[in-house]
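All remarks here apply to the structure that follows.
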Amino acid sequence: MAEHHFAVLVDGENISPRFLGPILAEINRSGEIILTRVYGDWTQPHMSGWKELLQSYPVRPIQQFRYGENASDGALIMDAIEIVSTNRNPVNAFCIVSSDSDFYSLALRLREHGMYVTGIGRQGTKSILVRSCNRFIYLENLGFSGSSSASSNAQEEEQTSSLGKVPVEDIVRKAYEASEEDSDGWLLLAHLGQAIRREHSDFDPRSYNYTNLLDILRSYPDLFEVRSNGKTPPVYWMRLIPEQETPVKLTGVIKRFMSNYGFIRAEKGDYFFTKANLPAEQRNMHLKSGTKVEFVEIKAPDPKGETSAEKNGRARSVTVLG
């Protein structure tokens with residue numbers, strides 16, 4: 001796959017400047033950034049936060065007086081079309097940073113010109129923009145990237161996405177079934193990721209409290225099998241384990257439940273679960289401490305673990321009893 005060379009175009013009127021560092025770090029992991037531009041009326045007080053960042057990041061500010069409600073949007077769109085038309089830069093990918101769904105038409109036009117389009121915006125961005133991009137990343141998944149404290153407290157910072165009502169194991173299974181595996185059923189992990197994003201451009205393991213796709217697969221050892229070629233860096237394959245006998249279900253009680261995730265106290269210890277692990281009809285229930293539940297164990301608690309994520313077990317197929 002050819003490396004992506006990005007033009008990063010930021011709607012400064014729509015996005016908080018505190019996300020600039022995480023945004024650029026995220027795109028740098030996907031390819032090379034050729035140019036970065038931030039659009040807005042720089043004469044206005046609300047752009048002062050952006051001004052402070054210009055000395056720290058290689059960003060070009062684009063001034064657009066607010067002659068109309070969408071003046072900055074128009075400038076961003078015109079620049080994007082000019083970059084594609086003149087082809088003076090080795091740009092083959094765009095990153096549109098905005099939650100404004102009006103940019104969906106631009107995303108589609110860029111893709112028609114053979115550009116790879118990544119969108120970055122807030123959770124709740126309308127699906128028409130999300131699905132118009134090859135990939136869409138939620139800002140909320142970038143806020144804590146790269147900090148050591150984030151990885152150790154990952155289970156305390158569950159994020160919500162538009163896929164929150166779909167169990168992550170179902171997304172993986174459907175993508176696997178839609179792909180062409182080899183004669184033994186093995187599928188390259190990279191091809192699995194591509195299949196998932198073809199259907200869900202906003203898919204992000206961080207939205208489900210996982211680090212990456214491999215982490216998801218390893219958390220469901222009863223559903224997916226993983227192997228590597230043993231080299232550095234390793235190449236991974238996965239395959240679906242055929243359904244066998246009914247999995248053993250355990251019982252416990254809700255220890256505590258926040259808006260999108262919670263913990264179950266059971267005989268072996270505490271188990272972490274997310275709202276997506278509940279049946280659809282129970283996801284809006286108010287789960288009080290002490291509520292009795294039934295669940296399937298996919299990772300046993302480890303009292304010797306160094307972090308909360310290691311100490312807690314992991315549950316799926318959580319059902320409220322009674």
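Following the order of the structure tokens, first chain is A, next is B, and so on, with residues numbered from 1 inside each chain and ligands from 1 in the order they appear.
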Select from stretch 47-270 of chain A everything DSSP, run on the backbone, classes as strand (DSSP E or B), then give the selection as an MDAnalysis selection string. chainID A and resid 60:63 93:97 116:121 135:138 187:188 224:228 236:240 249:257 261:266 269:270
Stretch 21-23 of chain A surroundings by only C-alpha atoms, 12 Å radius, close-in-sequence under 5 positions cut, as a ChimeraX atom specification: /A:8-10,15-16,28-30,33,36,50,53-54,56-59,95-98,118-121,137-147
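The protein and nucleic acid residues lying at most 10 Å from A:Glu199 are Arg131, Asn134, Ile171, Lys174, Ala175, Gln194, Ala195 and Phe203 of chain A, with only C-alpha atoms considered and sequence neighbours fewer than 4 positions away removed.
Omitting A:Leu214 and its sequence neighbours fewer than 6 positions away, and counting only C-alpha atoms, the residues within 9 Å are Leu189, Val226 and Tyr236 of chain A.
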Taking 3 positions as the minimum chain separation for residues in the same chain, which residues sit within 10 Å of A:His113 when counting only C-alpha atoms? Answer as a ChimeraX atom specification. /A:81,84-85,92,108-110,116
Selection above as a file: all heavy atoms, as a compact mmCIF listing (two decimals), in the first residue's frame:
# COMPACT_ATOMS: atom_id res chain seq x y z
N ILE A 81 -9.80 21.92 -3.13
CA ILE A 81 -9.96 21.69 -4.57
C ILE A 81 -8.74 22.20 -5.34
O ILE A 81 -8.28 21.58 -6.30
CB ILE A 81 -11.24 22.39 -5.08
CG1 ILE A 81 -12.48 21.79 -4.40
CG2 ILE A 81 -11.35 22.26 -6.59
CD1 ILE A 81 -12.65 20.31 -4.58
N VAL A 84 -5.83 19.72 -5.06
CA VAL A 84 -6.04 18.56 -5.95
C VAL A 84 -5.82 18.94 -7.41
O VAL A 84 -5.18 18.21 -8.17
CB VAL A 84 -7.46 17.99 -5.75
CG1 VAL A 84 -7.75 16.92 -6.81
CG2 VAL A 84 -7.62 17.40 -4.36
N SER A 85 -6.35 20.10 -7.80
CA SER A 85 -6.31 20.50 -9.21
C SER A 85 -4.92 20.87 -9.69
O SER A 85 -4.50 20.50 -10.80
CB SER A 85 -7.26 21.69 -9.44
OG SER A 85 -8.57 21.36 -9.06
N ASN A 92 -1.63 12.86 -1.58
CA ASN A 92 -2.57 11.83 -2.05
C ASN A 92 -3.61 11.49 -0.99
O ASN A 92 -4.35 10.51 -1.12
CB ASN A 92 -1.82 10.56 -2.48
CG ASN A 92 -1.03 9.93 -1.34
OD1 ASN A 92 -1.14 10.33 -0.19
ND2 ASN A 92 -0.22 8.94 -1.67
N LEU A 108 -16.53 13.48 -0.43
CA LEU A 108 -16.89 12.64 -1.57
C LEU A 108 -16.17 13.09 -2.84
O LEU A 108 -15.69 12.26 -3.62
CB LEU A 108 -18.41 12.69 -1.80
CG LEU A 108 -19.27 12.02 -0.73
CD1 LEU A 108 -20.75 12.23 -1.03
CD2 LEU A 108 -18.96 10.53 -0.62
N ARG A 109 -16.08 14.41 -3.05
CA ARG A 109 -15.40 14.92 -4.24
C ARG A 109 -13.91 14.54 -4.22
O ARG A 109 -13.34 14.16 -5.26
CB ARG A 109 -15.56 16.44 -4.32
CG ARG A 109 -14.81 17.10 -5.48
CD ARG A 109 -15.27 16.57 -6.83
NE ARG A 109 -16.67 16.88 -7.09
CZ ARG A 109 -17.10 17.99 -7.65
NH1 ARG A 109 -16.22 18.91 -8.03
NH2 ARG A 109 -18.37 18.18 -7.87
N LEU A 110 -13.27 14.66 -3.06
CA LEU A 110 -11.86 14.30 -2.96
C LEU A 110 -11.65 12.82 -3.25
O LEU A 110 -10.69 12.43 -3.93
CB LEU A 110 -11.33 14.63 -1.56
CG LEU A 110 -11.25 16.13 -1.22
CD1 LEU A 110 -10.87 16.32 0.25
CD2 LEU A 110 -10.26 16.85 -2.11
N TYR A 116 -7.36 9.68 -0.53
CA TYR A 116 -7.77 8.98 0.69
C TYR A 116 -8.18 10.06 1.70
O TYR A 116 -7.43 11.00 1.93
CB TYR A 116 -6.62 8.15 1.24
CG TYR A 116 -6.96 7.37 2.50
CD1 TYR A 116 -7.48 6.09 2.43
CD2 TYR A 116 -6.74 7.93 3.76
CE1 TYR A 116 -7.78 5.37 3.57
CE2 TYR A 116 -7.05 7.22 4.91
CZ TYR A 116 -7.57 5.95 4.82
OH TYR A 116 -7.88 5.25 5.96
Record the distance separating atom CA of A:Ala107 and atom CA of A:Ala93, expressed in Å with one decimal.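 We find that atom CA of A:Ala107 and atom CA of A:Ala93 lie 10.7 Å from each other.
For the atom pair formed by atom CA of A:Ile298 and atom CA of A:Arg135, the distance is 29.2 Å, given to one decimal.
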Report as JSON, numbers by chain all protein, DNA and RNA residues lying within 8 Å of A:Thr319, evaluated on only C-alpha atoms, omitting residues in the same chain fewer than 4 positions from it. {"A": [278, 279, 282, 293, 294, 295]}
Would you mind exporting the chosen residues as a tab-separated table (two decimals), in the first residue's frame, restricted to all heavy atoms?
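Result saved to out_18.tsv:
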chain	number	residue	atom	x	y	z
A	278	LEU	N	-24.25	-5.63	26.99
A	278	LEU	CA	-25.61	-5.90	27.45
A	278	LEU	C	-26.53	-6.15	26.26
A	278	LEU	O	-26.27	-5.66	25.16
A	278	LEU	CB	-26.15	-4.71	28.24
A	278	LEU	CG	-25.52	-4.44	29.61
A	278	LEU	CD1	-25.79	-3.00	30.03
A	278	LEU	CD2	-26.07	-5.41	30.66
A	279	PRO	N	-27.64	-6.89	26.45
A	279	PRO	CA	-28.63	-7.02	25.37
A	279	PRO	C	-29.18	-5.65	25.02
A	279	PRO	O	-29.25	-4.76	25.86
A	279	PRO	CB	-29.71	-7.92	25.99
A	279	PRO	CG	-29.06	-8.59	27.15
A	279	PRO	CD	-28.02	-7.63	27.66
A	282	GLN	N	-31.62	-3.91	27.27
A	282	GLN	CA	-31.23	-3.59	28.64
A	282	GLN	C	-30.19	-2.47	28.71
A	282	GLN	O	-29.77	-2.09	29.80
A	282	GLN	CB	-30.67	-4.83	29.34
A	282	GLN	CG	-31.70	-5.92	29.57
A	282	GLN	CD	-31.14	-7.09	30.37
A	282	GLN	OE1	-29.93	-7.21	30.59
A	282	GLN	NE2	-32.03	-7.97	30.81
A	293	VAL	N	-26.58	-10.17	37.99
A	293	VAL	CA	-26.40	-10.36	36.55
A	293	VAL	C	-25.77	-11.72	36.26
A	293	VAL	O	-25.16	-12.34	37.14
A	293	VAL	CB	-25.49	-9.26	35.94
A	293	VAL	CG1	-26.15	-7.90	36.04
A	293	VAL	CG2	-24.12	-9.25	36.61
A	294	GLU	N	-25.94	-12.13	35.03
A	294	GLU	CA	-25.32	-13.35	34.51
A	294	GLU	C	-24.38	-12.93	33.39
A	294	GLU	O	-24.69	-11.99	32.64
A	294	GLU	CB	-26.41	-14.28	33.99
A	294	GLU	CG	-25.93	-15.65	33.55
A	294	GLU	CD	-27.09	-16.51	33.11
A	294	GLU	OE1	-27.72	-16.17	32.08
A	294	GLU	OE2	-27.38	-17.52	33.78
A	295	PHE	N	-23.23	-13.60	33.24
A	295	PHE	CA	-22.28	-13.19	32.21
A	295	PHE	C	-21.37	-14.34	31.81
A	295	PHE	O	-21.32	-15.38	32.48
A	295	PHE	CB	-21.42	-12.02	32.72
A	295	PHE	CG	-20.54	-12.35	33.90
A	295	PHE	CD1	-19.20	-12.73	33.71
A	295	PHE	CD2	-21.02	-12.30	35.20
A	295	PHE	CE1	-18.38	-13.05	34.79
A	295	PHE	CE2	-20.21	-12.61	36.28
A	295	PHE	CZ	-18.89	-12.98	36.08
Can you list, as an MDAnalysis selection string, every protein, DNA or RNA residue that comes within 9 Å of A:Gly269 when you count only C-alpha atoms, leaving out same-chain residues fewer than 4 positions away? chainID A and resid 264:265 300:303 311:313
So, with only C-alpha atoms as the atoms that count, which of A:Val248, A:Val172, A:Ile254, A:Leu188 lies closest to A:Ile216?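 Nearest candidate to A:Ile216 out of A:Val248, A:Val172, A:Ile254, A:Leu188: A:Val172.
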Of A:Glu26, A:Glu112, A:Glu52, A:Asp102, the one nearest to A:Lys126 when counting only C-alpha atoms is A:Asp102
As an MDAnalysis selection string, list the residues of stretch 95-237 of chain A assigned to alpha helix (DSSP H) by DSSP on the backbone atoms of this structure. chainID A and resid 104:112 127:130 148:152 168:177 189:199 213:218
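Interatomic distance, atom CA of A:Thr211 to atom CA of A:Val318: 22.1 Å.
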Which residue of A:Ser308, A:Asp270, A:Ser317, A:Ala178 approaches A:Pro247 most closely, using only C-alpha atoms: A:Ser317
